[in-house]
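work.cif (mmCIF, C-alpha atoms and all ligand atoms)
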```cif
data_entry
#
loop_
_atom_site.label_atom_id
_atom_site.label_comp_id
_atom_site.auth_asym_id
_atom_site.auth_seq_id
_atom_site.Cartn_x
_atom_site.Cartn_y
_atom_site.Cartn_z
CA MET Z 1 23.19 -2.11 35.69
CA PRO Z 2 21.31 -2.64 32.41
CA SER Z 3 20.89 0.35 30.05
CA LEU Z 4 18.13 -1.03 27.83
CA ALA Z 5 14.45 -1.14 28.82
CA ILE Z 6 14.25 -4.73 27.55
CA ASN Z 7 16.63 -5.62 30.38
CA GLY Z 8 14.80 -3.61 33.03
CA ALA Z 9 16.16 -0.05 32.60
CA ALA Z 10 13.88 2.99 32.21
CA PRO Z 11 12.36 3.27 28.71
CA VAL Z 12 12.90 6.28 26.44
CA ARG Z 13 9.17 7.02 26.57
CA THR Z 14 5.88 5.75 27.97
CA GLU Z 15 3.54 8.18 26.15
CA PRO Z 16 1.51 6.67 23.28
CA PHE Z 17 1.91 7.97 19.71
CA PRO Z 18 -1.11 9.59 17.99
CA SER Z 19 -4.00 7.15 17.61
CA TRP Z 20 -5.77 6.53 14.31
CA PRO Z 21 -8.27 7.56 12.98
CA MET Z 22 -8.31 11.22 14.00
CA ASN Z 23 -10.86 14.06 13.86
CA LEU Z 24 -13.62 11.82 15.16
CA ASP Z 25 -16.16 14.57 15.94
CA ALA Z 26 -16.22 15.98 12.41
CA SER Z 27 -16.47 12.44 11.01
CA ALA Z 28 -19.30 11.57 13.40
CA ARG Z 29 -21.18 14.74 12.36
CA ALA Z 30 -20.75 13.92 8.66
CA ALA Z 31 -21.82 10.29 9.08
CA GLY Z 32 -24.76 11.32 11.32
CA GLU Z 33 -26.05 13.85 8.80
CA THR Z 34 -25.92 11.20 6.08
CA VAL Z 35 -27.74 8.70 8.24
CA ARG Z 36 -30.43 11.29 9.05
CA SER Z 37 -30.79 12.19 5.35
CA GLY Z 38 -32.10 8.69 4.69
CA GLN Z 39 -29.92 8.51 1.58
CA TRP Z 40 -27.65 5.63 2.52
CA GLY Z 41 -26.88 4.25 -0.92
CA SER Z 42 -24.93 5.95 -3.72
CA ILE Z 43 -27.74 5.41 -6.22
CA GLN Z 44 -29.77 8.00 -4.28
CA GLY Z 45 -27.14 10.19 -2.59
CA GLU Z 46 -24.39 12.57 -3.67
CA LYS Z 47 -21.60 11.81 -1.16
CA VAL Z 48 -19.89 9.04 -3.12
CA ARG Z 49 -20.01 11.13 -6.32
CA SER Z 50 -18.47 14.11 -4.48
CA LEU Z 51 -15.79 11.89 -2.99
CA GLU Z 52 -14.95 10.47 -6.42
CA GLN Z 53 -14.48 13.94 -7.85
CA ARG Z 54 -12.60 15.35 -4.88
CA PHE Z 55 -10.20 12.42 -4.46
CA ALA Z 56 -9.56 12.16 -8.23
CA SER Z 57 -8.72 15.84 -8.35
CA PHE Z 58 -6.49 15.51 -5.25
CA GLN Z 59 -4.49 12.85 -7.10
CA HIS Z 60 -4.59 14.81 -10.41
CA ALA Z 61 -6.80 12.22 -12.14
CA GLU Z 62 -9.79 12.79 -14.40
CA HIS Z 63 -11.99 9.94 -13.24
CA GLY Z 64 -12.61 8.33 -9.86
CA ILE Z 65 -14.78 5.23 -9.41
CA ALA Z 66 -15.41 4.38 -5.75
CA VAL Z 67 -15.93 0.77 -4.62
CA CYS Z 68 -16.34 -1.22 -1.42
CA ASN Z 69 -12.61 -1.93 -0.74
CA GLY Z 70 -9.11 -1.78 -2.20
CA THR Z 71 -8.91 -5.46 -3.18
CA THR Z 72 -12.04 -5.04 -5.28
CA ALA Z 73 -10.59 -1.86 -6.81
CA LEU Z 74 -7.52 -3.87 -7.92
CA VAL Z 75 -9.55 -6.80 -9.28
CA LEU Z 76 -11.79 -4.45 -11.24
CA ALA Z 77 -8.83 -2.39 -12.50
CA LEU Z 78 -7.28 -5.61 -13.87
CA GLN Z 79 -10.58 -6.59 -15.46
CA ALA Z 80 -11.09 -3.09 -16.91
CA VAL Z 81 -7.77 -3.28 -18.83
CA GLY Z 82 -8.92 -6.57 -20.35
CA ILE Z 83 -6.91 -9.23 -18.51
CA GLU Z 84 -7.88 -12.63 -19.90
CA PRO Z 85 -7.60 -16.16 -18.48
CA GLY Z 86 -3.98 -17.37 -18.46
CA ASP Z 87 -2.42 -13.91 -18.99
CA GLU Z 88 0.70 -13.18 -16.95
CA VAL Z 89 0.83 -10.11 -14.73
CA ILE Z 90 4.12 -8.98 -13.19
CA VAL Z 91 4.00 -7.96 -9.54
CA PRO Z 92 6.57 -7.45 -6.75
CA ALA Z 93 6.80 -10.14 -4.06
CA TYR Z 94 7.14 -7.67 -1.18
CA THR Z 95 3.63 -6.29 -0.77
CA PHE Z 96 0.22 -7.10 0.72
CA ILE Z 97 -1.45 -10.30 -0.55
CA ALA Z 98 -4.14 -8.36 -2.47
CA SER Z 99 -1.56 -7.10 -5.01
CA ALA Z 100 -1.25 -10.73 -6.15
CA SER Z 101 -4.56 -12.33 -5.14
CA SER Z 102 -6.35 -9.74 -7.30
CA ILE Z 103 -4.43 -11.18 -10.28
CA VAL Z 104 -5.53 -14.73 -9.41
CA MET Z 105 -9.10 -13.45 -8.90
CA SER Z 106 -8.93 -12.12 -12.46
CA ASN Z 107 -8.03 -15.66 -13.69
CA ALA Z 108 -4.50 -14.55 -14.54
CA VAL Z 109 -1.09 -15.72 -13.33
CA PRO Z 110 1.03 -13.56 -10.99
CA VAL Z 111 4.71 -13.43 -11.96
CA PHE Z 112 6.65 -12.36 -8.88
CA VAL Z 113 9.75 -10.22 -9.25
CA ASP Z 114 12.24 -8.85 -6.76
CA ILE Z 115 12.43 -5.40 -5.24
CA ASP Z 116 15.17 -2.81 -5.37
CA PRO Z 117 17.40 -3.09 -2.27
CA LEU Z 118 17.48 0.69 -1.75
CA THR Z 119 13.80 1.60 -2.23
CA TYR Z 120 12.06 -1.73 -1.49
CA ASN Z 121 9.86 -0.96 -4.53
CA VAL Z 122 9.67 -3.20 -7.58
CA ASP Z 123 12.98 -3.31 -9.49
CA PRO Z 124 12.27 -2.20 -13.10
CA GLU Z 125 15.20 -4.32 -14.41
CA LYS Z 126 13.59 -7.43 -12.93
CA VAL Z 127 10.25 -6.43 -14.42
CA GLU Z 128 11.75 -6.21 -17.89
CA GLU Z 129 13.53 -9.57 -17.47
CA ALA Z 130 10.19 -11.18 -16.54
CA VAL Z 131 8.32 -10.08 -19.69
CA THR Z 132 7.22 -13.01 -21.90
CA PRO Z 133 4.86 -13.23 -24.90
CA ARG Z 134 2.08 -14.00 -22.37
CA THR Z 135 2.65 -10.90 -20.24
CA ARG Z 136 -0.32 -8.55 -20.31
CA ALA Z 137 0.21 -6.12 -17.45
CA ILE Z 138 2.46 -4.83 -14.68
CA VAL Z 139 1.14 -4.08 -11.19
CA ALA Z 140 3.31 -1.23 -9.89
CA VAL Z 141 2.91 -1.14 -6.11
CA HIS Z 142 3.71 2.20 -4.45
CA PHE Z 143 4.83 0.27 -1.44
CA ALA Z 144 4.72 1.98 1.97
CA GLY Z 145 3.54 5.10 0.13
CA LEU Z 146 6.72 5.55 -1.93
CA PRO Z 147 5.96 6.03 -5.64
CA ALA Z 148 7.43 3.23 -7.77
CA ASP Z 149 9.67 4.35 -10.65
CA MET Z 150 6.84 5.29 -12.99
CA ASP Z 151 9.23 6.59 -15.67
CA ARG Z 152 11.05 3.29 -16.14
CA LEU Z 153 7.90 1.19 -15.66
CA GLY Z 154 6.00 3.39 -18.13
CA GLU Z 155 8.78 2.90 -20.73
CA ILE Z 156 8.69 -0.89 -20.25
CA ALA Z 157 4.88 -0.96 -20.48
CA ARG Z 158 4.98 1.08 -23.72
CA ARG Z 159 7.80 -0.99 -25.25
CA TYR Z 160 5.98 -4.31 -24.73
CA GLY Z 161 2.39 -3.04 -25.08
CA LEU Z 162 1.43 -3.80 -21.47
CA ALA Z 163 -1.16 -2.24 -19.20
CA LEU Z 164 0.37 -0.48 -16.19
CA ILE Z 165 -1.81 -0.78 -13.09
CA GLU Z 166 -0.90 1.20 -9.98
CA ASP Z 167 -1.52 -0.44 -6.63
CA ALA Z 168 -1.71 2.82 -4.71
CA ALA Z 169 -3.51 1.28 -1.72
CA GLN Z 170 -0.83 2.76 0.56
CA ALA Z 171 -0.09 5.95 -1.37
CA HIS Z 172 -2.75 8.63 -0.73
CA GLY Z 173 -1.17 11.98 -1.45
CA ALA Z 174 2.03 10.52 -2.94
CA ARG Z 175 3.56 12.54 -5.77
CA TRP Z 176 5.92 11.48 -8.57
CA GLY Z 177 7.54 14.50 -10.24
CA GLY Z 178 4.78 16.66 -8.78
CA ARG Z 179 2.05 14.41 -10.16
CA GLY Z 180 -0.36 12.48 -7.97
CA VAL Z 181 0.04 8.72 -8.27
CA GLY Z 182 -2.84 6.46 -9.30
CA ALA Z 183 -3.51 7.65 -12.86
CA ILE Z 184 0.05 7.98 -14.17
CA GLY Z 185 -0.23 4.45 -15.60
CA SER Z 186 -3.37 3.01 -17.22
CA ILE Z 187 -5.47 2.83 -14.05
CA GLY Z 188 -4.83 2.78 -10.29
CA ALA Z 189 -6.43 1.41 -7.14
CA PHE Z 190 -6.51 2.85 -3.59
CA SER Z 191 -7.74 1.38 -0.32
CA PHE Z 192 -9.65 3.18 2.45
CA GLN Z 193 -9.35 0.30 4.95
CA SER Z 194 -8.92 1.24 8.64
CA SER Z 195 -5.12 1.46 8.74
CA LYS Z 196 -4.86 3.56 5.57
CA ASN Z 197 -3.85 7.23 5.41
CA LEU Z 198 -7.42 8.01 4.30
CA ASN Z 199 -9.91 5.72 5.98
CA ALA Z 200 -13.60 4.88 6.25
CA GLY Z 201 -13.13 1.49 7.91
CA GLU Z 202 -13.35 -0.06 4.44
CA GLY Z 203 -13.53 1.36 0.94
CA GLY Z 204 -11.58 1.74 -2.28
CA ILE Z 205 -11.37 3.78 -5.47
CA MET Z 206 -10.05 3.40 -9.00
CA LEU Z 207 -8.50 6.39 -10.78
CA THR Z 208 -7.78 6.81 -14.47
CA ASN Z 209 -7.40 9.48 -17.16
CA ASP Z 210 -8.73 7.14 -19.85
CA ASP Z 211 -12.44 7.66 -20.67
CA ASP Z 212 -12.96 4.09 -21.92
CA LEU Z 213 -11.26 2.52 -18.90
CA ALA Z 214 -13.34 4.75 -16.64
CA ALA Z 215 -16.56 3.59 -18.31
CA ALA Z 216 -15.49 -0.07 -18.03
CA ALA Z 217 -14.48 0.39 -14.38
CA ARG Z 218 -17.78 2.08 -13.53
CA SER Z 219 -19.76 -0.70 -15.17
CA LEU Z 220 -17.68 -3.36 -13.35
CA ALA Z 221 -18.26 -1.52 -10.07
CA ASP Z 222 -22.01 -1.53 -10.53
CA CYS Z 223 -23.54 -4.82 -11.69
CA GLY Z 224 -22.39 -4.47 -15.31
CA HIS Z 225 -24.86 -1.78 -16.24
CA THR Z 226 -23.79 1.34 -18.12
CA GLU Z 227 -24.30 5.01 -17.33
CA GLN Z 228 -26.37 5.50 -20.49
CA GLY Z 229 -28.27 2.21 -20.51
CA PRO Z 230 -31.52 1.54 -18.62
CA ARG Z 231 -30.89 0.66 -14.95
CA TYR Z 232 -31.88 -2.99 -15.35
CA ASN Z 233 -29.92 -3.74 -18.54
CA HIS Z 234 -26.57 -5.43 -17.85
CA PHE Z 235 -23.70 -5.67 -20.31
CA ARG Z 236 -20.97 -7.63 -18.49
CA ILE Z 237 -20.63 -10.01 -15.54
CA ALA Z 238 -20.02 -7.85 -12.51
CA GLY Z 239 -21.08 -7.81 -8.89
CA ASN Z 240 -22.43 -5.00 -6.77
CA ASN Z 241 -19.18 -3.42 -5.60
CA ARG Z 242 -20.57 0.00 -4.69
CA MET Z 243 -19.43 2.17 -1.78
CA THR Z 244 -22.11 3.36 0.66
CA GLU Z 245 -22.98 7.02 1.26
CA VAL Z 246 -21.85 6.73 4.90
CA GLN Z 247 -18.39 5.65 3.72
CA GLY Z 248 -18.44 8.57 1.25
CA ALA Z 249 -19.37 11.04 4.01
CA LEU Z 250 -16.62 9.75 6.33
CA LEU Z 251 -14.03 10.02 3.58
CA LEU Z 252 -15.08 13.56 2.64
CA ALA Z 253 -14.73 14.61 6.28
CA GLN Z 254 -11.33 12.93 6.58
CA MET Z 255 -10.17 14.53 3.33
CA ASP Z 256 -10.32 17.96 5.00
CA HIS Z 257 -7.11 16.93 6.81
CA LEU Z 258 -5.37 14.80 4.19
CA GLU Z 259 -3.11 17.45 2.65
CA ALA Z 260 -1.77 18.66 5.99
CA GLN Z 261 -1.33 15.09 7.27
CA ALA Z 262 0.48 14.06 4.07
CA ASP Z 263 2.89 17.00 4.42
CA LEU Z 264 3.52 16.19 8.09
CA ARG Z 265 4.21 12.50 7.43
CA HIS Z 266 6.57 13.45 4.61
CA ALA Z 267 8.46 15.99 6.73
CA ASN Z 268 8.76 13.63 9.70
CA GLY Z 269 9.92 10.87 7.34
CA GLU Z 270 12.69 13.13 6.03
CA PHE Z 271 13.75 13.99 9.58
CA LEU Z 272 13.87 10.33 10.64
CA THR Z 273 15.83 9.36 7.54
CA GLU Z 274 18.45 12.01 8.18
CA ARG Z 275 18.86 11.15 11.85
CA LEU Z 276 18.43 7.35 11.82
CA GLY Z 277 20.78 7.07 8.85
CA ALA Z 278 23.63 8.30 11.06
CA ILE Z 279 23.32 5.28 13.39
CA PRO Z 280 25.65 2.38 12.48
CA GLY Z 281 23.72 -0.67 11.25
CA ILE Z 282 20.55 1.32 10.40
CA VAL Z 283 19.86 2.21 6.75
CA PRO Z 284 16.58 4.06 6.02
CA VAL Z 285 14.84 2.90 2.85
CA ALA Z 286 15.73 5.46 0.16
CA ARG Z 287 13.38 8.01 -1.40
CA PRO Z 288 14.35 8.87 -5.01
CA ALA Z 289 14.30 12.65 -5.61
CA LYS Z 290 11.44 12.35 -8.14
CA ALA Z 291 9.21 10.84 -5.42
CA ASP Z 292 8.64 14.37 -4.17
CA ARG Z 293 5.97 13.47 -1.65
CA HIS Z 294 6.26 10.12 0.06
CA ALA Z 295 2.89 9.14 1.56
CA ARG Z 296 4.68 7.27 4.38
CA HIS Z 297 1.93 4.77 5.02
CA ILE Z 298 4.85 2.89 6.55
CA TYR Z 299 8.22 4.31 7.58
CA MET Z 300 10.83 1.61 6.85
CA PHE Z 301 14.48 1.16 7.61
CA ARG Z 302 16.87 -1.71 7.06
CA TYR Z 303 18.36 -3.30 10.16
CA SER Z 304 21.74 -4.97 9.73
CA GLU Z 305 21.97 -8.13 11.82
CA ALA Z 306 25.68 -8.35 11.04
CA SER Z 307 26.32 -4.90 12.46
CA PHE Z 308 24.35 -5.85 15.60
CA GLY Z 309 26.54 -8.93 16.26
CA GLY Z 310 24.06 -11.36 14.67
CA VAL Z 311 21.16 -10.33 16.96
CA PRO Z 312 17.96 -11.18 15.03
CA LYS Z 313 15.62 -8.40 13.90
CA THR Z 314 12.84 -9.76 16.13
CA ARG Z 315 14.99 -9.15 19.23
CA PHE Z 316 15.88 -5.62 18.08
CA ILE Z 317 12.16 -4.91 17.59
CA GLU Z 318 11.34 -6.23 21.07
CA ALA Z 319 14.01 -3.87 22.42
CA LEU Z 320 12.50 -0.94 20.50
CA ARG Z 321 9.02 -1.73 21.80
CA ALA Z 322 10.37 -1.93 25.34
CA GLU Z 323 11.70 1.62 24.85
CA GLY Z 324 8.13 2.72 24.01
CA ILE Z 325 8.44 2.77 20.19
CA PRO Z 326 5.75 0.75 18.36
CA ALA Z 327 7.91 -0.97 15.72
CA SER Z 328 6.85 -3.93 13.60
CA PRO Z 329 8.80 -6.53 11.58
CA GLY Z 330 6.31 -6.21 8.69
CA TYR Z 331 5.74 -9.16 6.39
CA SER Z 332 7.59 -12.24 7.62
CA ILE Z 333 7.47 -14.18 4.31
CA PRO Z 334 7.50 -13.23 0.61
CA LEU Z 335 4.15 -13.54 -1.18
CA TYR Z 336 5.29 -16.59 -3.16
CA GLN Z 337 5.82 -18.45 0.11
CA GLN Z 338 2.27 -17.80 1.29
CA PRO Z 339 0.41 -21.10 1.78
CA VAL Z 340 -2.13 -20.12 -0.89
CA PHE Z 341 0.68 -20.33 -3.47
CA THR Z 342 2.86 -23.12 -2.07
CA GLU Z 343 -0.21 -25.34 -1.48
CA ARG Z 344 -1.95 -24.15 -4.67
CA ASN Z 345 -5.19 -23.38 -2.85
CA TYR Z 346 -6.80 -21.52 -5.73
CA GLY Z 347 -10.40 -22.65 -5.22
CA VAL Z 348 -12.65 -21.51 -8.05
CA TYR Z 349 -9.73 -19.62 -9.59
CA ARG Z 350 -7.83 -22.86 -10.32
CA SER Z 351 -6.60 -22.92 -13.93
CA PRO Z 352 -4.09 -25.07 -15.82
CA ALA Z 353 -1.81 -22.04 -16.34
CA LEU Z 354 -1.76 -21.17 -12.63
CA SER Z 355 -1.50 -24.76 -11.37
CA ALA Z 356 1.55 -25.29 -13.60
CA VAL Z 357 3.57 -22.66 -11.70
CA ASP Z 358 5.88 -23.95 -8.97
CA PHE Z 359 6.04 -20.97 -6.60
CA ASP Z 360 8.09 -23.06 -4.14
CA ALA Z 361 11.02 -22.94 -6.54
CA LEU Z 362 11.22 -19.14 -6.46
CA ASN Z 363 13.96 -17.33 -4.60
CA LEU Z 364 14.03 -13.52 -4.67
CA PRO Z 365 16.93 -12.57 -2.42
CA VAL Z 366 16.16 -8.89 -1.73
CA THR Z 367 12.54 -9.67 -0.80
CA GLU Z 368 13.67 -12.54 1.41
CA ARG Z 369 16.21 -10.37 3.21
CA ALA Z 370 13.57 -7.68 3.79
CA CYS Z 371 11.15 -10.24 5.25
CA TYR Z 372 13.53 -12.36 7.31
CA SER Z 373 16.16 -10.02 8.63
CA GLU Z 374 16.11 -6.40 7.46
CA ALA Z 375 12.84 -4.49 7.35
CA VAL Z 376 11.63 -2.57 10.40
CA TRP Z 377 8.34 -0.65 10.12
CA PHE Z 378 6.56 2.20 11.87
CA SER Z 379 2.93 2.80 10.91
CA GLN Z 380 1.68 6.09 9.46
CA ASN Z 381 0.05 7.36 12.68
CA VAL Z 382 3.49 7.37 14.37
CA LEU Z 383 4.58 9.86 11.69
CA LEU Z 384 1.76 12.21 12.73
CA GLY Z 385 3.56 12.99 15.99
CA GLY Z 386 5.50 16.18 16.66
CA ARG Z 387 9.27 16.71 16.48
CA ASP Z 388 9.66 15.58 20.11
CA ASP Z 389 8.05 12.26 19.24
CA MET Z 390 10.44 11.82 16.31
CA GLU Z 391 13.37 12.71 18.59
CA ASP Z 392 12.24 9.92 20.93
CA ILE Z 393 12.35 7.41 18.06
CA VAL Z 394 15.88 8.51 17.18
CA ARG Z 395 16.91 8.41 20.85
CA ALA Z 396 15.54 4.88 21.26
CA VAL Z 397 17.26 3.50 18.15
CA ALA Z 398 20.52 5.27 19.07
CA LYS Z 399 20.32 3.94 22.64
CA ILE Z 400 19.87 0.36 21.42
CA GLY Z 401 22.69 0.91 18.94
CA GLU Z 402 25.00 2.16 21.66
CA HIS Z 403 24.20 -0.76 23.95
CA ARG Z 404 23.92 -3.43 21.27
CA ASP Z 405 26.09 -5.77 23.37
CA GLU Z 406 23.21 -5.96 25.86
CA LEU Z 407 20.80 -7.35 23.24
CA GLY Z 408 22.25 -10.82 23.53
CA GLU Z 409 21.23 -11.00 27.19
CA ALA Z 410 17.92 -12.81 27.63
C1 LIG B 501 -0.52 -2.77 -1.15
C2 LIG B 501 -1.97 -3.09 -0.89
N1 LIG B 501 -2.74 -3.49 -1.90
C3 LIG B 501 -4.04 -3.74 -1.74
C4 LIG B 501 -4.66 -3.63 -0.50
C5 LIG B 501 -6.08 -4.04 -0.36
O1 LIG B 501 -6.93 -3.08 0.15
P1 LIG B 501 -8.20 -3.49 1.05
O2 LIG B 501 -7.71 -3.97 2.36
O3 LIG B 501 -8.99 -2.23 1.12
O4 LIG B 501 -8.95 -4.54 0.31
C6 LIG B 501 -3.89 -3.19 0.59
C7 LIG B 501 -4.46 -2.94 1.93
O5 LIG B 501 -4.90 -3.65 2.71
C8 LIG B 501 -2.51 -2.94 0.39
O6 LIG B 501 -1.73 -2.55 1.42
#
```
Could the structure of this file be written out as structure tokens, please?
Ligand SMILES: Cc1ncc(COP(=O)(O)O)c(C=O)c1O
Amino acid sequence: MPSLAINGAAPVRTEPFPSWPMNLDASARAAGETVRSGQWGSIQGEKVRSLEQRFASFQHAEHGIAVCNGTTALVLALQAVGIEPGDEVIVPAYTFIASASSIVMSNAVPVFVDIDPLTYNVDPEKVEEAVTPRTRAIVAVHFAGLPADMDRLGEIARRYGLALIEDAAQAHGARWGGRGVGAIGSIGAFSFQSSKNLNAGEGGIMLTNDDDLAAAARSLADCGHTEQGPRYNHFRIAGNNRMTEVQGALLLAQMDHLEAQADLRHANGEFLTERLGAIPGIVPVARPAKADRHARHIYMFRYSEASFGGVPKTRFIEALRAEGIPASPGYSIPLYQQPVFTERNYGVYRSPALSAVDFDALNLPVTERACYSEAVWFSQNVLLGGRDDMEDIVRAVAKIGEHRDELGEA
């Protein structure tokens, strides 16, 4: 008689986990009121301005500049700090493509470095080793919602005179030593794309405490005009990257729940870490004590193939899904192995400095292990379940662990 659902036994659960987004009625009311107001664009309305102030204050930042999506927020943040053609920008290789494509879209060269095996965030030692006379900035990704080590990265940035840009696309509500992420470095970028912990379908925002960077970011977000200058005078090359009032209204409505959701995800993450960590072959990704609120956009643990008799991660994930737990393998290749880099498909961003880099020759072992064999993900909405739901996750992983011999059976 099989014990595992993948082999035909009863699954641990059949109930779905909470769906995302939530609080649809309040969001529909807010969007409807904005539509009826006739003020759909941020030049006329007040929603985007309110969102900028409210979200900046939520993350303990002085300035918020809303834009159409997170990729644009990153590109504009890089441009605001003055990245120039051919500059090198250090970035981890285990992250979403936009962390690196934004560097290419700023005519600079991404320099990929490895992640820390315990936190899966960028390894500050590797960052320092990668600094050259051409380095201009570091992109610190708060991957999965876990704040990167902003103390060490801040020291390195100061020592070498580099800009420190926070890719906080996954880190709404994350705190480092009690401080909201996003404006701890020079400038930060968040995403409000559908899967994100704060969502309007699409959207993004830059945060900073620096008045000059805020002015540059606002000008870059809005056709290169300035707050003081006449509307049709333009001072730099910049597109229309503005957020709409409907996006602003949706985000304001969703923000009513953000604090409570962030606390719940954090608490459920702590519970899972304590319980899953007791199962042989399962090592939850670590949260350093100073990361005092983990946004848990993704809950991640490391699966040990060796401890599961060489059974590949993909098979373990199929087994988990069969038990009713929506697990994902996450990114299957490091960023430097993406076809855009190995085939040098840079389009209009082609430059001699970028074309000279042989990304194929790179080998970052911790990133590769995470992609190929170790990382298992749950998305943030799973962490919005109750304690019973978390118990089911633990039960499913423990059950597969106990019957690991059965995983080999096809
Ligand atoms: C780490 C990271 N950076 C940047 C982005 C880009 O954000 P967007 O999809 O809003 O352009 C995302 C999200 O998709 C992300 O996860």
Using only C-alpha atoms and all ligand atoms, determine which residues fall within 6 Å of ligand LIG 501 (chain B), then list them as a list of chain:residue names.
-> Z:Asn69, Z:Gly70, Z:Thr71, Z:Thr95, Z:Phe96, Z:Ala98, Z:Ser99, Z:Asp167, Z:Ala169, Z:Gln170, Z:Ser191, Z:Phe192, Z:Gln193, Z:Glu202, Z:Gly203, Z:Gly204
Determine, counting all atoms listed in the file, which protein, DNA and RNA residues have an atom within 8 Å of an atom of range 390-393 of chain Z; residues of the same chain fewer than 4 positions away are not included. Present the result as a PyMOL selection string.
-> chain Z and resi 12-13+268+271-272+325+383+385-386+397
Best match for closeness to His63 in chain Z among Z:Gly277, Z:Gly45, Z:Gly161, Z:Gly188, counting only C-alpha atoms =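 The answer is Z:Gly188, which sits nearest to His63 in chain Z.
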Ile317 in chain Z: which residues within 10 Å, counting only C-alpha atoms, same-chain residues fewer than 3 positions away excluded, as a PDB file with C-alpha atoms, keeping the file's coordinate frame?
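Listing of around_24.pdb after writing:
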```
ATOM      1  CA  TYR Z 303      18.360  -3.300  10.160  1.00  0.00           C
ATOM      2  CA  PRO Z 312      17.960 -11.180  15.030  1.00  0.00           C
ATOM      3  CA  LYS Z 313      15.620  -8.400  13.900  1.00  0.00           C
ATOM      4  CA  THR Z 314      12.840  -9.760  16.130  1.00  0.00           C
ATOM      5  CA  LEU Z 320      12.500  -0.940  20.500  1.00  0.00           C
ATOM      6  CA  ARG Z 321       9.020  -1.730  21.800  1.00  0.00           C
ATOM      7  CA  ALA Z 322      10.370  -1.930  25.340  1.00  0.00           C
ATOM      8  CA  GLU Z 323      11.700   1.620  24.850  1.00  0.00           C
ATOM      9  CA  ILE Z 325       8.440   2.770  20.190  1.00  0.00           C
ATOM     10  CA  PRO Z 326       5.750   0.750  18.360  1.00  0.00           C
ATOM     11  CA  ALA Z 327       7.910  -0.970  15.720  1.00  0.00           C
ATOM     12  CA  SER Z 328       6.850  -3.930  13.600  1.00  0.00           C
ATOM     13  CA  PRO Z 329       8.800  -6.530  11.580  1.00  0.00           C
ATOM     14  CA  VAL Z 376      11.630  -2.570  10.400  1.00  0.00           C
ATOM     15  CA  TRP Z 377       8.340  -0.650  10.120  1.00  0.00           C
ATOM     16  CA  VAL Z 397      17.260   3.500  18.150  1.00  0.00           C
TER      17      VAL Z 397
END
```
Thr132 in chain Z environment, 12 Å, all atoms listed in the file, sequence neighbours closer than 2 positions dropped, as number ranges by chain | Z: 87-90, 111, 127-130, 134-138, 160-162
Nearby residues (only C-alpha atoms) at most 10 Å from range 174-179 of chain Z, same-chain spacing under 4 positions excluded, as a PyMOL selection string = chain Z and resi 58-61+142+145-151+168+170+183-184+262-263+266+288-297
With C-alpha atoms retained, could you export that selection as a short mmCIF file (atom, residue, chain, number, x, y, z; two decimals), in the coordinates of the input?
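Writing the result to result_26.cif gives the following:
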```cif
data_model
loop_
_atom_site.label_atom_id
_atom_site.label_comp_id
_atom_site.auth_asym_id
_atom_site.auth_seq_id
_atom_site.Cartn_x
_atom_site.Cartn_y
_atom_site.Cartn_z
CA PHE Z 58 -6.49 15.51 -5.25
CA GLN Z 59 -4.49 12.85 -7.10
CA HIS Z 60 -4.59 14.81 -10.41
CA ALA Z 61 -6.80 12.22 -12.14
CA HIS Z 142 3.71 2.20 -4.45
CA GLY Z 145 3.54 5.10 0.13
CA LEU Z 146 6.72 5.55 -1.93
CA PRO Z 147 5.96 6.03 -5.64
CA ALA Z 148 7.43 3.23 -7.77
CA ASP Z 149 9.67 4.35 -10.65
CA MET Z 150 6.84 5.29 -12.99
CA ASP Z 151 9.23 6.59 -15.67
CA ALA Z 168 -1.71 2.82 -4.71
CA GLN Z 170 -0.83 2.76 0.56
CA ALA Z 183 -3.51 7.65 -12.86
CA ILE Z 184 0.05 7.98 -14.17
CA ALA Z 262 0.48 14.06 4.07
CA ASP Z 263 2.89 17.00 4.42
CA HIS Z 266 6.57 13.45 4.61
CA PRO Z 288 14.35 8.87 -5.01
CA ALA Z 289 14.30 12.65 -5.61
CA LYS Z 290 11.44 12.35 -8.14
CA ALA Z 291 9.21 10.84 -5.42
CA ASP Z 292 8.64 14.37 -4.17
CA ARG Z 293 5.97 13.47 -1.65
CA HIS Z 294 6.26 10.12 0.06
CA ALA Z 295 2.89 9.14 1.56
CA ARG Z 296 4.68 7.27 4.38
CA HIS Z 297 1.93 4.77 5.02
#
```
Near Ala214 in chain Z, counting only C-alpha atoms, which residues have an atom at most 12 Å away, once you skip same-chain residues fewer than 2 positions from it, shown as a ChimeraX atom specification?
-> /Z:52,56,61-66,76-77,79-81,183,186-188,205-212,216-221,226-227
Record the distance separating CA of Leu118 in chain Z and CA of Ala286 in chain Z, expressed in Å with one decimal.
->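 These atoms are spaced 5.4 Å apart.
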Report the distance between CA of His172 in chain Z and CA of Gln380 in chain Z in Å, rounded to one decimal place.
->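 Computing the Euclidean distance for CA of His172 in chain Z and CA of Gln380 in chain Z yields 11.4 Å.
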To one decimal in Å, tell me the separation between CA of Arg236 in chain Z and CA of Glu166 in chain Z.
->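 Between CA of Arg236 in chain Z and CA of Glu166 in chain Z the gap works out to 23.5 Å.
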